[in-house]
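Data first, discussion second: the structure below is written as structure tokens.
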Amino acid sequence: MAVCARLCGVGPARGCRRRGAAREQRRGGAGDSEPDTDTDPEEAGGGGAAEDEEAAERIEGGRPAPHPAEAGPAGRTPLSLLELPPELLVQIFGSLPGTDLPSLARVCTTFRRILRTDTIWRRRCREEYGVCENLRKLEITGVSCRDVYAKLLHRYRHILGLWQPDIGPYGGLLNVVVDGLFIIGWMYLPPHDPHVDDPMRFKPLFRIHLMERKCATVECMYGHKGPHNGHIQIVKKDEFSTKCNQTDHHRMSGGRQEEFRTWLREEWGRTLEDIFHEHMQELILMKFIYTSQYDNCLTYRRIYLPPSSPDDLIKPGLFKGTYGSHGLEIVMLSFHGKKAKGTKITGDPNIPAGQQTVEIDLAHPLQLPDIENLRDFSELSRIVLEVQEQVRREEQEQEHRQEEEDCSQQAASQPAAKPLGEEGAEGEETAAGAEGTTQDKAPASQPFVLPMGVISRNEDYPRTCRICFYGTGLIAGHGFTSPERTPGVFVLFDDDRFGFIWLELKSFSLYSRIKVSFQNAEAPSREAFDEMLKNIQSLAT
């Protein structure tokens, strides 16, 4: 702002305020250089209607008449921004971030008047929030582009992005986006079980729009009776809550039975009579009863997409996977050095949302037997259990080396030339190098078939794979009781699909990438992403 003050002649670089005022008075523009102190984005360029019309006529209408304080002597290069033509100032101000414009409006009333120009705010709406609608239509409703920016887009900017609703063990995936002149919260749902390769489904939960100049309107979209009155409270930057003020719009005339049947068709794509498995019926009914309690008020916590690295096995991201009677669930695959983790974004009563469902040990690739021996479950189990024992020994050796290193550091008066910790690091590098060598030597594809006795919800899984790794999967009883990690096989099929064989359960989960371009979902840093994973796991626990 000090720079702007000097440029327009009101700062110390152009003399004292009295001399500046006298100079402007001689030039006929004393009143236009008084500083303004308003910092609210909604007030940037604010003023009366008559002043707005006058400014619009002068700035936007044809060839503007030069303002006395803005016109420099003929043939002289302008020494102040105030000497530039207004239409040029509109272009300059329109290229600045909208959050900087309130400070600019404080410099002088000339800047403040120019900032009433809707062209500036129309550009900020388009460049910062992707609003490509014909914003001139807003003139019919009396809403300006500055109103849209300040009272809708800027005010609710903190809720844009990906969120996980707090619905007990079930979780969810909410994407809040700018859609035209609306901000809409879309709940993303996996396709109907077991069609894991089908695209995601989505439905609106709420929307925010500007109907008049006073404030934005929040509407709940839940139910089957159309939009109705709602409320949004931004608790903090990474958390907000929604509340429905007219829950009667969620009810159906046929009562709970009609609501359940409608929910079942939307959630599972079938009727209860089509589901013959009694345990699956119980799980479905339990989910309906539980989630129905959250139809009037929900809290959301921000989640980030995992950061990627050129060394990653495949591109990290969100996947949909099969989980037996629980149906399809959403999992986030992320890479952490020699480990890859699959974290549940949606969950179930056994393994709730937020828990780490699978962990892949990228330092221990598995060489599968030939296709005939692969059909033998006992042969696959033997290979996996041998690697499990190897991993256990390596962890013990690593712990032993760490204990020796701690003891040596306490006893030695001088640091050793080559501590054991460095040898361990070299060992890690060697392991990583061996991993890379194994991947380089692995064929582009190899035949794959599930062993006899392994259950799969989707029989249409790929029959070739790139590479397999040792991994562990999290299993637990109902209510997340007695959780334990059991050995398994991570199978990479291609860039968008992988699978996991759960040895303990004799079951197979197939995962397929969610191919949706989510905006405002990138983590600001690796540390922020790791902290997010830790937080959602602690909440699930």
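Scheme for the structure tokens: letters A, B, ... for chains in order shown; per-chain residue numbers from 1; ligand numbers from 1 in order shown.
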
Please identify all polymer residues within 10 Å of His154 in chain A, counting only C-alpha atoms, omitting same-chain residues fewer than 4 positions from it, and present them as a PyMOL selection string.
-> chain A and resi 41-42+98-99+125+128-129+147-150+158

Write out as a list in words which residues come within 8 Å of Trp186 in chain A when counting only C-alpha atoms, dropping same-chain ones fewer than 6 positions away.
-> Leu174, Asn175, Val176, Val177, Phe202, Lys203, Pro204, Leu205 and Phe206 of chain A

All helix (DSSP H, G or I) positions in range 242-464 of chain A, as a PyMOL selection string | chain A and resi 247-250+255-268+272-274+278-292+324-326+371-374+377-411+420-441

Thr322 in chain A: which residues within 9 Å, counting only C-alpha atoms, same-chain residues fewer than 2 positions away excluded, as a PyMOL selection string?
-> chain A and resi 193-196+320+324-329+456-458+508-511

Export, as a short mmCIF file (atom, residue, chain, number, x, y, z; two decimals), in the first residue's frame, the selected residues with N, CA and C atoms.
```cif
data_model
loop_
_atom_site.label_atom_id
_atom_site.label_comp_id
_atom_site.auth_asym_id
_atom_site.auth_seq_id
_atom_site.Cartn_x
_atom_site.Cartn_y
_atom_site.Cartn_z
N ASP A 193 -22.53 -52.10 -6.19
CA ASP A 193 -21.76 -53.33 -6.03
C ASP A 193 -22.24 -54.39 -7.03
N PRO A 194 -21.35 -55.11 -7.70
CA PRO A 194 -19.89 -55.10 -7.56
C PRO A 194 -19.18 -54.42 -8.73
N HIS A 195 -19.85 -53.49 -9.39
CA HIS A 195 -19.34 -52.92 -10.65
C HIS A 195 -18.30 -51.83 -10.35
N VAL A 196 -17.11 -52.27 -9.98
CA VAL A 196 -16.08 -51.36 -9.49
C VAL A 196 -15.52 -50.45 -10.58
N LYS A 320 -12.00 -46.90 -5.78
CA LYS A 320 -13.16 -47.59 -5.24
C LYS A 320 -12.85 -49.08 -5.21
N GLY A 324 -16.62 -57.20 0.17
CA GLY A 324 -17.55 -58.26 0.53
C GLY A 324 -18.96 -57.76 0.71
N SER A 325 -19.58 -58.16 1.82
CA SER A 325 -20.97 -57.80 2.09
C SER A 325 -21.15 -56.31 2.36
N HIS A 326 -20.07 -55.60 2.62
CA HIS A 326 -20.18 -54.17 2.87
C HIS A 326 -20.31 -53.37 1.58
N GLY A 327 -20.13 -54.00 0.44
CA GLY A 327 -20.25 -53.31 -0.83
C GLY A 327 -18.97 -52.60 -1.24
N LEU A 328 -19.10 -51.57 -2.06
CA LEU A 328 -17.95 -50.82 -2.55
C LEU A 328 -17.64 -49.67 -1.59
N GLU A 329 -16.35 -49.43 -1.36
CA GLU A 329 -15.91 -48.36 -0.48
C GLU A 329 -14.79 -47.57 -1.17
N SER A 456 -14.25 -63.72 -4.51
CA SER A 456 -14.18 -62.39 -5.11
C SER A 456 -15.59 -61.93 -5.45
N ARG A 457 -15.93 -60.69 -5.07
CA ARG A 457 -17.24 -60.14 -5.42
C ARG A 457 -17.33 -59.87 -6.92
N ASN A 458 -16.20 -59.66 -7.55
CA ASN A 458 -16.17 -59.34 -8.96
C ASN A 458 -15.29 -60.36 -9.68
N PHE A 508 -10.74 -61.59 -1.94
CA PHE A 508 -10.00 -60.73 -2.86
C PHE A 508 -10.76 -59.42 -3.04
N SER A 509 -10.05 -58.30 -2.91
CA SER A 509 -10.63 -56.97 -3.16
C SER A 509 -10.02 -56.40 -4.43
N LEU A 510 -10.87 -55.89 -5.30
CA LEU A 510 -10.43 -55.26 -6.54
C LEU A 510 -10.68 -53.76 -6.43
N TYR A 511 -9.67 -52.95 -6.78
CA TYR A 511 -9.75 -51.49 -6.67
C TYR A 511 -9.59 -50.87 -8.05
#
```

Could you give me, as CSV, every range 308-394 of chain A residue with an atom at most 9 Å from range 468-485 of chain A, plus its closest atom pair and distance in Å to one decimal, counting only C-alpha atoms, rows ordered by chain then number?
```
residue,atom,partner,partner_atom,distance
A:Asp348,CA,A:Gly479,CA,8.9
A:Pro349,CA,A:Gly479,CA,5.3
A:Asn350,CA,A:His478,CA,4.6
A:Ile351,CA,A:Phe480,CA,5.8
A:Pro352,CA,A:Phe480,CA,7.2
A:Gln355,CA,A:Leu474,CA,8.5
A:Gln356,CA,A:Leu474,CA,7.1
A:Thr357,CA,A:Leu474,CA,5.1
A:Val358,CA,A:Gly473,CA,4.4
A:Glu359,CA,A:Thr472,CA,5.4
A:Ile360,CA,A:Gly471,CA,4.2
A:Asp361,CA,A:Gly471,CA,5.5
A:Leu362,CA,A:Phe469,CA,6.3
A:Ala363,CA,A:Phe469,CA,8.1
A:His364,CA,A:Tyr470,CA,5.8
A:Pro365,CA,A:Phe469,CA,4.1
A:Leu366,CA,A:Phe469,CA,5.1
A:Gln367,CA,A:Cys468,CA,7.1
A:Leu368,CA,A:Cys468,CA,7.6
A:Val384,CA,A:Tyr470,CA,6.8
A:Val387,CA,A:Tyr470,CA,7.2
A:Gln388,CA,A:Tyr470,CA,7.7
```

Contacts of range 493-503 of chain A within 8 Å, only C-alpha atoms, excl. fewer than 6 positions in-chain, as a ChimeraX atom specification = /A:314-315,381,462,464-467,473,486-487,509-513

Can you spit out the residues from that selection as a short mmCIF file (atom, residue, chain, number, x, y, z; two decimals), in the first residue's frame, using all heavy atoms?
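In the end it all went to result.cif:
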```
data_model
loop_
_atom_site.label_atom_id
_atom_site.label_comp_id
_atom_site.auth_asym_id
_atom_site.auth_seq_id
_atom_site.Cartn_x
_atom_site.Cartn_y
_atom_site.Cartn_z
N ILE A 314 2.67 -46.13 -8.95
CA ILE A 314 1.65 -45.59 -9.84
C ILE A 314 1.23 -44.24 -9.27
O ILE A 314 1.65 -43.86 -8.17
CB ILE A 314 0.41 -46.51 -9.99
CG1 ILE A 314 -0.22 -46.78 -8.61
CG2 ILE A 314 0.76 -47.80 -10.68
CD1 ILE A 314 -1.54 -47.54 -8.69
N LYS A 315 0.42 -43.52 -9.98
CA LYS A 315 -0.06 -42.24 -9.49
C LYS A 315 -0.96 -42.46 -8.28
O LYS A 315 -1.91 -43.25 -8.36
CB LYS A 315 -0.82 -41.49 -10.59
CG LYS A 315 -1.32 -40.13 -10.15
CD LYS A 315 -2.11 -39.46 -11.26
CE LYS A 315 -2.65 -38.11 -10.81
NZ LYS A 315 -3.46 -37.46 -11.88
N SER A 381 0.12 -69.25 -0.04
CA SER A 381 0.27 -68.99 1.39
C SER A 381 1.70 -69.24 1.84
O SER A 381 2.26 -68.47 2.64
CB SER A 381 -0.70 -69.86 2.20
OG SER A 381 -2.03 -69.55 1.89
N PRO A 462 -8.78 -58.52 -13.89
CA PRO A 462 -7.80 -58.70 -14.96
C PRO A 462 -7.08 -60.05 -14.82
O PRO A 462 -6.82 -60.51 -13.71
CB PRO A 462 -6.83 -57.54 -14.77
CG PRO A 462 -7.60 -56.52 -14.01
CD PRO A 462 -8.52 -57.28 -13.12
N THR A 464 -4.04 -60.58 -16.17
CA THR A 464 -2.59 -60.35 -16.21
C THR A 464 -2.27 -59.26 -15.19
O THR A 464 -3.11 -58.39 -14.89
CB THR A 464 -2.10 -59.90 -17.59
OG1 THR A 464 -2.77 -58.69 -17.96
CG2 THR A 464 -2.37 -60.97 -18.64
N CYS A 465 -1.07 -59.30 -14.65
CA CYS A 465 -0.64 -58.29 -13.69
C CYS A 465 0.79 -57.88 -13.99
O CYS A 465 1.53 -58.58 -14.68
CB CYS A 465 -0.78 -58.81 -12.26
SG CYS A 465 0.39 -60.13 -11.83
N ARG A 466 1.22 -56.72 -13.44
CA ARG A 466 2.58 -56.23 -13.65
C ARG A 466 3.54 -56.79 -12.60
O ARG A 466 4.60 -57.30 -12.92
CB ARG A 466 2.59 -54.71 -13.58
CG ARG A 466 1.94 -54.02 -14.76
CD ARG A 466 2.10 -52.50 -14.60
NE ARG A 466 1.42 -51.77 -15.65
CZ ARG A 466 1.34 -50.45 -15.69
NH1 ARG A 466 1.90 -49.73 -14.71
NH2 ARG A 466 0.72 -49.84 -16.66
N ILE A 467 3.16 -56.64 -11.32
CA ILE A 467 4.06 -57.02 -10.24
C ILE A 467 3.23 -57.18 -8.97
O ILE A 467 2.13 -56.65 -8.85
CB ILE A 467 5.15 -55.95 -10.04
CG1 ILE A 467 6.27 -56.47 -9.13
CG2 ILE A 467 4.56 -54.65 -9.51
CD1 ILE A 467 7.49 -55.55 -9.09
N GLY A 473 -3.17 -56.49 5.64
CA GLY A 473 -4.51 -55.93 5.62
C GLY A 473 -5.09 -55.91 7.02
O GLY A 473 -4.81 -56.78 7.84
N THR A 486 -3.05 -58.70 9.10
CA THR A 486 -2.79 -60.05 8.62
C THR A 486 -2.11 -59.98 7.26
O THR A 486 -2.28 -59.00 6.51
CB THR A 486 -4.11 -60.84 8.49
OG1 THR A 486 -4.99 -60.17 7.57
CG2 THR A 486 -4.80 -60.94 9.85
N PRO A 487 -1.30 -60.99 6.91
CA PRO A 487 -0.55 -60.95 5.64
C PRO A 487 -1.45 -61.07 4.42
O PRO A 487 -2.55 -61.65 4.48
CB PRO A 487 0.41 -62.15 5.76
CG PRO A 487 -0.28 -63.08 6.70
CD PRO A 487 -1.01 -62.22 7.68
N SER A 509 -10.05 -58.30 -2.91
CA SER A 509 -10.63 -56.97 -3.16
C SER A 509 -10.02 -56.40 -4.43
O SER A 509 -8.80 -56.42 -4.60
CB SER A 509 -10.35 -56.03 -1.98
OG SER A 509 -11.04 -56.44 -0.82
N LEU A 510 -10.87 -55.89 -5.30
CA LEU A 510 -10.43 -55.26 -6.54
C LEU A 510 -10.68 -53.76 -6.43
O LEU A 510 -11.76 -53.33 -6.02
CB LEU A 510 -11.19 -55.83 -7.74
CG LEU A 510 -10.87 -55.22 -9.11
CD1 LEU A 510 -9.42 -55.48 -9.49
CD2 LEU A 510 -11.82 -55.77 -10.18
N TYR A 511 -9.67 -52.95 -6.78
CA TYR A 511 -9.75 -51.49 -6.67
C TYR A 511 -9.59 -50.87 -8.05
O TYR A 511 -8.75 -51.29 -8.85
CB TYR A 511 -8.66 -50.96 -5.74
CG TYR A 511 -8.71 -51.52 -4.34
CD1 TYR A 511 -8.13 -52.76 -4.05
CD2 TYR A 511 -9.33 -50.83 -3.31
CE1 TYR A 511 -8.17 -53.28 -2.76
CE2 TYR A 511 -9.37 -51.33 -2.02
CZ TYR A 511 -8.79 -52.57 -1.75
OH TYR A 511 -8.82 -53.08 -0.48
N SER A 512 -10.39 -49.84 -8.31
CA SER A 512 -10.34 -49.12 -9.59
C SER A 512 -10.29 -47.63 -9.32
O SER A 512 -11.00 -47.10 -8.45
CB SER A 512 -11.57 -49.46 -10.44
OG SER A 512 -11.54 -48.78 -11.67
N ARG A 513 -9.46 -46.92 -10.08
CA ARG A 513 -9.23 -45.49 -9.84
C ARG A 513 -10.50 -44.67 -10.07
O ARG A 513 -11.28 -44.93 -11.01
CB ARG A 513 -8.13 -44.98 -10.76
CG ARG A 513 -7.73 -43.52 -10.48
CD ARG A 513 -6.67 -43.04 -11.46
NE ARG A 513 -5.43 -43.80 -11.35
CZ ARG A 513 -4.49 -43.57 -10.44
NH1 ARG A 513 -4.66 -42.61 -9.54
NH2 ARG A 513 -3.39 -44.30 -10.42
#
```

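Distance check against Pro306 in chain A using only C-alpha atoms: of A:Pro86, A:Gly223, A:Gly255, A:Pro524, the minimum falls on A:Pro524.
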
Compile the contact shell of Leu181 in chain A as an NGL selection string: residues with an atom at most 8 Å away, counting only C-alpha atoms, same-chain residues fewer than 4 positions apart removed.
-> :A and (131 or 133 or 148 or 209-210)

Between A:Pro191, A:Gly354, A:Pro165, A:Pro227, which one has atoms that come closest to Gly321 in chain A, using only C-alpha atoms?
-> A:Pro191

Tell me, as a PyMOL selection string, which residues lie within 12 Å of Glu527 in chain A, counting only C-alpha atoms; anything in the same chain fewer than 3 positions away does not count.
-> chain A and resi 304+306-307+336+523-524+530-534

Write the residues you've just listed into a file as an mmCIF file, in the first residue's frame, and include C-alpha atoms for each of them.
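Result went into result-v8.cif, see below:
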```cif
data_model
loop_
_atom_site.group_PDB
_atom_site.id
_atom_site.type_symbol
_atom_site.label_atom_id
_atom_site.label_comp_id
_atom_site.auth_asym_id
_atom_site.auth_seq_id
_atom_site.Cartn_x
_atom_site.Cartn_y
_atom_site.Cartn_z
ATOM 1 C CA TYR A 304 -6.341 -33.662 0.702
ATOM 2 C CA PRO A 306 -2.041 -37.457 -1.762
ATOM 3 C CA PRO A 307 1.047 -35.722 -3.192
ATOM 4 C CA HIS A 336 5.531 -43.055 1.886
ATOM 5 C CA ALA A 523 -2.207 -30.597 0.005
ATOM 6 C CA PRO A 524 -0.147 -27.458 0.685
ATOM 7 C CA ASP A 530 0.594 -36.617 6.734
ATOM 8 C CA GLU A 531 -1.033 -34.573 9.495
ATOM 9 C CA MET A 532 -4.409 -34.960 7.772
ATOM 10 C CA LEU A 533 -3.993 -38.759 7.610
ATOM 11 C CA LYS A 534 -3.075 -38.852 11.280
#
```

Show which residues sit within 6 Å of Tyr170 in chain A, as an NGL selection string. Count only C-alpha atoms, and ignore same-chain residues fewer than 2 positions away.
-> :A and (167-168 or 346-348 or 353)
